[in-house]
Amino acid sequence: MSGGLPDLTARFDAHVTKLLGRPVTSRGWKQYPSGFSWSTYGVSIEAPGFDGVTELVLRLGPPNGLFAPYSAAPQFEALKAVEGTAVPAPRAFAWSDDESILGAPFFVAEKSPGVTVIPWDADDRSPRSDGAIGQQFADILGELHALDWTRTGLARFGEGLTRQNAAARAVDEWERGYRRWATRPHPMMHKVLAWLRAHAPVAPRLSIVHGDYRLGNFLEQDGRITAILDWELVRLGDPHEDLGWSCLPQYRGGTELMSQLISRDELYARHEAKTGLPVQPESMHFYTIFSLLKLAAVHMAGAHAFEHKGFFDMRMPAMATQIAPVLRQLEKALEAAS
Amino acid sequence: MSGGLPDLTARFDAHVTKLLGRPVTSRGWKQYPSGFSWSTYGVSIEAPGFDGVTELVLRLGPPNGLFAPYSAAPQFEALKAVEGTAVPAPRAFAWSDDESILGAPFFVAEKSPGVTVIPWDADDRSPRSDGAIGQQFADILGELHALDWTRTGLARFGEGLTRQNAAARAVDEWERGYRRWATRPHPMMHKVLAWLRAHAPVAPRLSIVHGDYRLGNFLEQDGRITAILDWELVRLGDPHEDLGWSCLPQYRGGTELMSQLISRDELYARHEAKTGLPVQPESMHFYTIFSLLKLAAVHMAGAHAFEHKGFFDMRMPAMATQIAPVLRQLEKALEAAS
Amino acid sequence: MNNSFPRLIDGMIEALRQNVLPATEGEFARGQVFGVIFLLKNLRLRAGWSTAFLGEQLAALDELRLSLEQIDGLSADAPRPAKLAEVTEQARDAGDAQVCALIDWHAAQGTKIPAVERAVDAYLHRQLRHELSTSAKPMFAEISLGKERST
Amino acid sequence: MNNSFPRLIDGMIEALRQNVLPATEGEFARGQVFGVIFLLKNLRLRAGWSTAFLGEQLAALDELRLSLEQIDGLSADAPRPAKLAEVTEQARDAGDAQVCALIDWHAAQGTKIPAVERAVDAYLHRQLRHELSTSAKPMFAEISLGKERST
C-alpha cells in the first residue's frame, strides 16, 4: 500500500460520501506504526460523522500482508458482536471485502481513546504496577468467553462446529497455515501436529476466541482498558485457546506475569468467575503447545510474506528468526509432557 | 569524527582565538558531503578574519580516513606555493599535524566561491557545453606544471628527486600503498608493478603534481574555474602523471572528453603551450597504466579503511567493488602494449 | 530464519528502498543507504549460506540416517533421509522433508517404535541447537520503537 | 570487492548505525533500519562467500597449476600454486599469494619464459572475468547524490 495515501484518501472520501449520503472530506490522516498485518490509519471527518463519531480508524488488509488474502468480515462481525457488552472495543461502522473500493478489504471503526503498550518495550510506559489493568485484562476475556454469539453475525463462522471437534479444527486451521507459509520443511512441526491430534481435548463450551489476546493488543487510559483491538484472528472455539495464547512466555517480558499483567492463578480465577468454567489443566497444556505451534506458523508467515509476497517490512524476516526459538520451546514442552 | 561537532567547534574557536589574538566565535558550521578522505567543513568567523577573510573552510584528516595517517603539511604548502599564481586555489591560513589541537591534522583556508560537479552525475549541472571550462582545466594544469617550486615550502618534499628516478619513486610510493591496503593478494598488481619498473620514463621536468586533477576536484562559477581543490595527493614528479590521471576513462562519463571537459588533443596542445613541453606518447602510456594501478590501490584503500580502520562510510566498500574493473582495464592496457 | 538467501537479500534491499530512503534526510545519509543496497546486490551474487552453517545441518541428517539403519525390523516403508551427496540448502530441505514424512508415517502407525522416536528426537534437538547457536540476539524493541534499547 | 565477509557485514551495520539512523525520521523507518541491522547480524553467523563464487576462483588456480606443470624446464625455484584441498577464502588467498610470488620471481629473471607468461595471463584473465561477472551494476551516482539516477 506504500505511496498510495493521496489515492486512498480520495477513494475513502468517495466511499464515505456514498455511505453517509452527504459530501465528506477526510483530514488528519495518520498511519499507525503498530500492527504487523493490517495497515491502520487514523482519520477525521466532519460532524455528524457515523452515529455521531468523527474520529475514525480505517484498517486495510493489504494483498501482500502477513496472512493475506484477507477478509474484513470476521473482524467487523466480532466488533459488532461485542458492541454494548462488557467487552470494550471500537464501534464498527462499515466494511467491505470488495477491493475495487479502497484497493483492499477494509473496515471503519471509531477511534478509541488510549495508548498501546508494546510487549518487548521493557524501558518505560509500564502500566502494570497496581494490577488494575491485569484484573480488567482477565475479566474482559472472561466476559468475551461468556458471551452468547449464536445470534450475532459470527454465527455463520460456526457451521458444523462442536465442543468435540473444536480442537481438531483449530489444529487443521494452523496446519494449513504451516503448509502455506513454511519456506522449508520443519520436522518439529510434524511431530507437534501429531501430538496435538493425539491429545485434542473437548471444549467446555464454544466461545468467541479473540485469537491474539495479549499485551499490545488493547488500548489503556488512566489505568483502564478502553478497547480490545486486533481481532483479525477471531474464531469460534475453546476458551482455553485464548488463555494459552495470552500466557505464552513471549508476552511475559521476563516477568512471572501473564502478558506482564497478572499472575497465572489470578487470571484463571477471574476467568472462572466470569465464565463459570474451571480452567482444565489438560486443556491448558494442549492449548499452550497449540499456541506455540501457532506462533511458529505466524513467524513462518513472516518469512513467507517477505520472501514471496513482496511485503518488505523488516519486521517480517526478524519474526522469521524466531522460528527456531519457538521450535525449541515446543521440544521442551513435549519433553515435559512425555 | 562522527558526533563530535560541538567539541570540534569549541576547540576550533579556542585555536583561532589563539592564532588571531582576539576572541573568536565561529558560526554556521556545515559539513560538505563531498570528499572521500578528508572531512570538510564550512564555517564563518567575525571580521576582520584571516587577512580579511571570514568565510573559511576547515579540512581535517581523520585518523581512520582513506589514506590515514595524514599530514596537512603537503596540502598547506601546495596552496601556499600556488598563491598569487595563475593557478586558482583557496588561500591557506593555518595548519597543524598536532592532533591535540582539533583531534586530527587540519588546515584552514578561505572558502572559494563556486560549486563542484560530481564525475558520475550524468543527470544535470553540466558546465561543459561551451568548452571554456575545459580550456581553463587544461591551461591551469599547464600553469601548475610550469611553476618553479624550488623556492616554495614544497621543496622539502623533493629531496633526492631527479628526472631519472621520478617514475620509479612514484611506483614505489603506490606499491607501498598496495602492500598497506590490499585485503588479499592481487597477482595482476604484481604483473603491472613489474611492467612499470621495466618501462619507467625520464621526466621532461620536475613539476608540482596535483595528484588528483580531474572533474569533481575544482569549483566553478559563471563558466569559470574559481579554485582547484583536493590537494591531498600532491607530490613532485613528472607532469605526465597528472595528464594520465585526468584522462582516465573513469572520469570521461561515457564521453570522448577527458574529465568530460576537453578532447585529448586540445588538452595536450594547451598543456604544451603553457609548459613548453611536448606530451610524450611513451610517458603517457606509462602514466596511464600507472594511474590505473594507483586507482586500483585507492579502491583497495577503501576496502581497507572499511574493514580495518572503522571508517564506516558505504562509499568505501562501494569503491572496493571497482578493483576488478580497474584490474581488467590494466589487463587490456598491457595487452595493447605488448 | 528464512530459507532463500537471494530472496532475503532482495527483501532487505526493498525495505531500505521503500521504507528507509523516503524517511531519510540529507544526501549523505541517503547515499549511505544506496551504498548498503549496492553491497547487498553484490552479496547476492557472491554469498550464500556458509558451508559451516549448512554442513552441520547435513551432518545431523546423516547421523539420523545412520541411527535409523541400526533399528532392527524398521519397516522398509518408513521414510528416511537419503545419503547426502552435497552441502546445499536443497540437500538440507530434501532431508528435512524426508524426516517430516518419517514423523507423519510413524504418527499413523498403530504400534510406535521407541527407537525411531529417540532417533528423530535426537535429530530435532541437534538441528535446533545449531539453529539457535547461529542466531543473533533479538532486536525487537529496536525494530518496533526505532531506537536503541536502554537495557 | 573486499576479502572478509564478516568484516564487510560489520561495516554495513556500522554505516547504518552511524550514518543512516541519526538522519532517519520516524520510528517506523528507524525500526526498519534496525531490522536490516538485525538481519545482517544473522547473516554474519550463517552466510559467507558462496561455494560457487569461491569454487570458480579455485578452479582457475588449479588450471594454472596444471599449466605450469607442463612447462618443460621450469625452475624448481619458481613459486607456483599448491594443489588445493578445500574451497575457502584462505585457499584462494594462499593460491593468489603464490601467483604473486611467481610473477615477482619471473620479473626478476634475466630470461623470460613465454609459456609462464601465457599461463599466468590466462589465470589473470579467467579470475577477472569471474570477478566481473559476480559484480552488481555500479551505483556511484546514487551513493554520492542520495537519489536514484534518472538514466
# chains A, B, ... in the order shown; residues from 1 in each chain; ligands from 1
call {"tool": "interface_residues", "arguments": {"of": "chain D", "to": "chain B", "cutoff": "7 Å", "atoms": "only C-alpha atoms", "output": "list in words"}}
result
Met1, Asn2, Asn3, Arg7, Leu8, Gly11, Glu14, Ala15, Asp93, Asp96, Ala97, Val99, Cys100, Ile103, Asp104, Ala107, Leu124, Leu128, Glu131, Leu132, Phe140, Ala141, Ile143 and Ser150 of chain D
call {"tool": "select_by_dssp", "arguments": {"residues": "region 25-221 of chain A", "states": "strand (DSSP E)", "output": "VMD selection string"}}
result
chain A and resid 27 to 32 39 to 44 55 to 60 92 to 96 106 to 110 207 to 209 218 to 221
call {"tool": "atom_distance", "arguments": {"atom1": "CA of Leu5 (chain A)", "atom2": "CA of Trp29 (chain A)"}}
result
8.6 Å
call {"tool": "closest_atom_pairs", "arguments": {"of": "chain C", "to": "chain D", "cutoff": "7 Å", "atoms": "only C-alpha atoms", "output": "tab-separated table"}}
result
residue	atom	partner	partner_atom	distance
C:Met12	CA	D:Val36	CA	6.3
C:Asn19	CA	D:Ala29	CA	5.7
C:Val20	CA	D:Ala29	CA	5.1
C:Ala23	CA	D:Glu25	CA	5.4
C:Thr24	CA	D:Thr24	CA	4.1
C:Glu25	CA	D:Ala23	CA	5.4
C:Glu27	CA	D:Gly146	CA	4.3
C:Phe28	CA	D:Gly146	CA	6.2
C:Ala29	CA	D:Val20	CA	5.1
C:Arg30	CA	D:Gly146	CA	4.4
C:Gly31	CA	D:Ile143	CA	3.8
C:Gln32	CA	D:Ile143	CA	6.1
C:Val33	CA	D:Val20	CA	6.9
C:Phe34	CA	D:Ile143	CA	5.2
C:Gly35	CA	D:Ile143	CA	5.5
C:Val36	CA	D:Met12	CA	6.3
C:Phe38	CA	D:Met139	CA	6.4
C:Lys41	CA	D:Ala136	CA	5.8
C:Asn42	CA	D:Ala136	CA	5.2
C:Leu45	CA	D:Thr134	CA	5.3
C:Arg46	CA	D:Phe53	CA	5.6
C:Ala47	CA	D:Trp49	CA	4.1
C:Gly48	CA	D:Ser50	CA	4.8
C:Trp49	CA	D:Ala47	CA	4.1
C:Ser50	CA	D:Ala47	CA	4.4
C:Phe53	CA	D:Arg46	CA	5.6
C:Thr134	CA	D:Leu45	CA	5.3
C:Ser135	CA	D:Asn42	CA	5.6
C:Ala136	CA	D:Asn42	CA	5.2
C:Met139	CA	D:Phe38	CA	6.4
C:Glu142	CA	D:Gly31	CA	6.0
C:Ile143	CA	D:Gly31	CA	3.8
C:Ser144	CA	D:Gly31	CA	5.5
C:Leu145	CA	D:Glu27	CA	5.6
C:Gly146	CA	D:Gly31	CA	3.9
call {"tool": "closest_residue", "arguments": {"among": "A:Val117, A:Ala168, A:Leu206, A:Leu229", "to": "Val82 (chain A)", "atoms": "only C-alpha atoms"}}
result
A:Leu229
call {"tool": "residues_around", "arguments": {"residues": "Asp238 (chain A)", "least_positions_apart": "5", "cutoff": "8 Å", "atoms": "only C-alpha atoms", "output": "JSON, numbers by chain"}}
result
{"A": [163, 166, 167, 203, 204, 205, 206, 207, 209]}
call {"tool": "write_last_selection", "arguments": {"atoms": "N, CA and C atoms", "output": "compact mmCIF listing (two decimals), in the first residue's frame"}}
result
# COMPACT_ATOMS: atom_id res chain seq x y z
N ARG A 163 -18.27 -29.00 20.42
CA ARG A 163 -17.29 -29.00 21.51
C ARG A 163 -16.27 -30.11 21.28
N ALA A 166 -13.76 -28.93 18.17
CA ALA A 166 -13.20 -27.57 18.19
C ALA A 166 -11.67 -27.60 18.14
N ALA A 167 -11.05 -28.47 18.94
CA ALA A 167 -9.58 -28.52 18.98
C ALA A 167 -9.02 -29.00 17.65
N ALA A 203 -13.97 -29.17 24.27
CA ALA A 203 -14.13 -27.79 24.77
C ALA A 203 -15.24 -27.75 25.82
N PRO A 204 -15.05 -26.99 26.91
CA PRO A 204 -16.10 -26.89 27.92
C PRO A 204 -17.31 -26.11 27.39
N ARG A 205 -17.06 -25.19 26.44
CA ARG A 205 -18.14 -24.54 25.70
C ARG A 205 -17.54 -23.96 24.43
N LEU A 206 -18.39 -23.49 23.55
CA LEU A 206 -17.90 -22.84 22.33
C LEU A 206 -18.03 -21.34 22.53
N SER A 207 -16.90 -20.65 22.49
CA SER A 207 -16.86 -19.22 22.76
C SER A 207 -16.31 -18.46 21.56
N VAL A 209 -13.37 -16.70 20.37
CA VAL A 209 -11.93 -16.69 20.70
C VAL A 209 -11.31 -15.50 19.97
call {"tool": "select_by_dssp", "arguments": {"residues": "region 39-234 of chain A", "states": "alpha helix (DSSP H)", "output": "VMD selection string"}}
result
chain A and resid 73 to 82 99 to 102 132 to 146 166 to 181 187 to 198
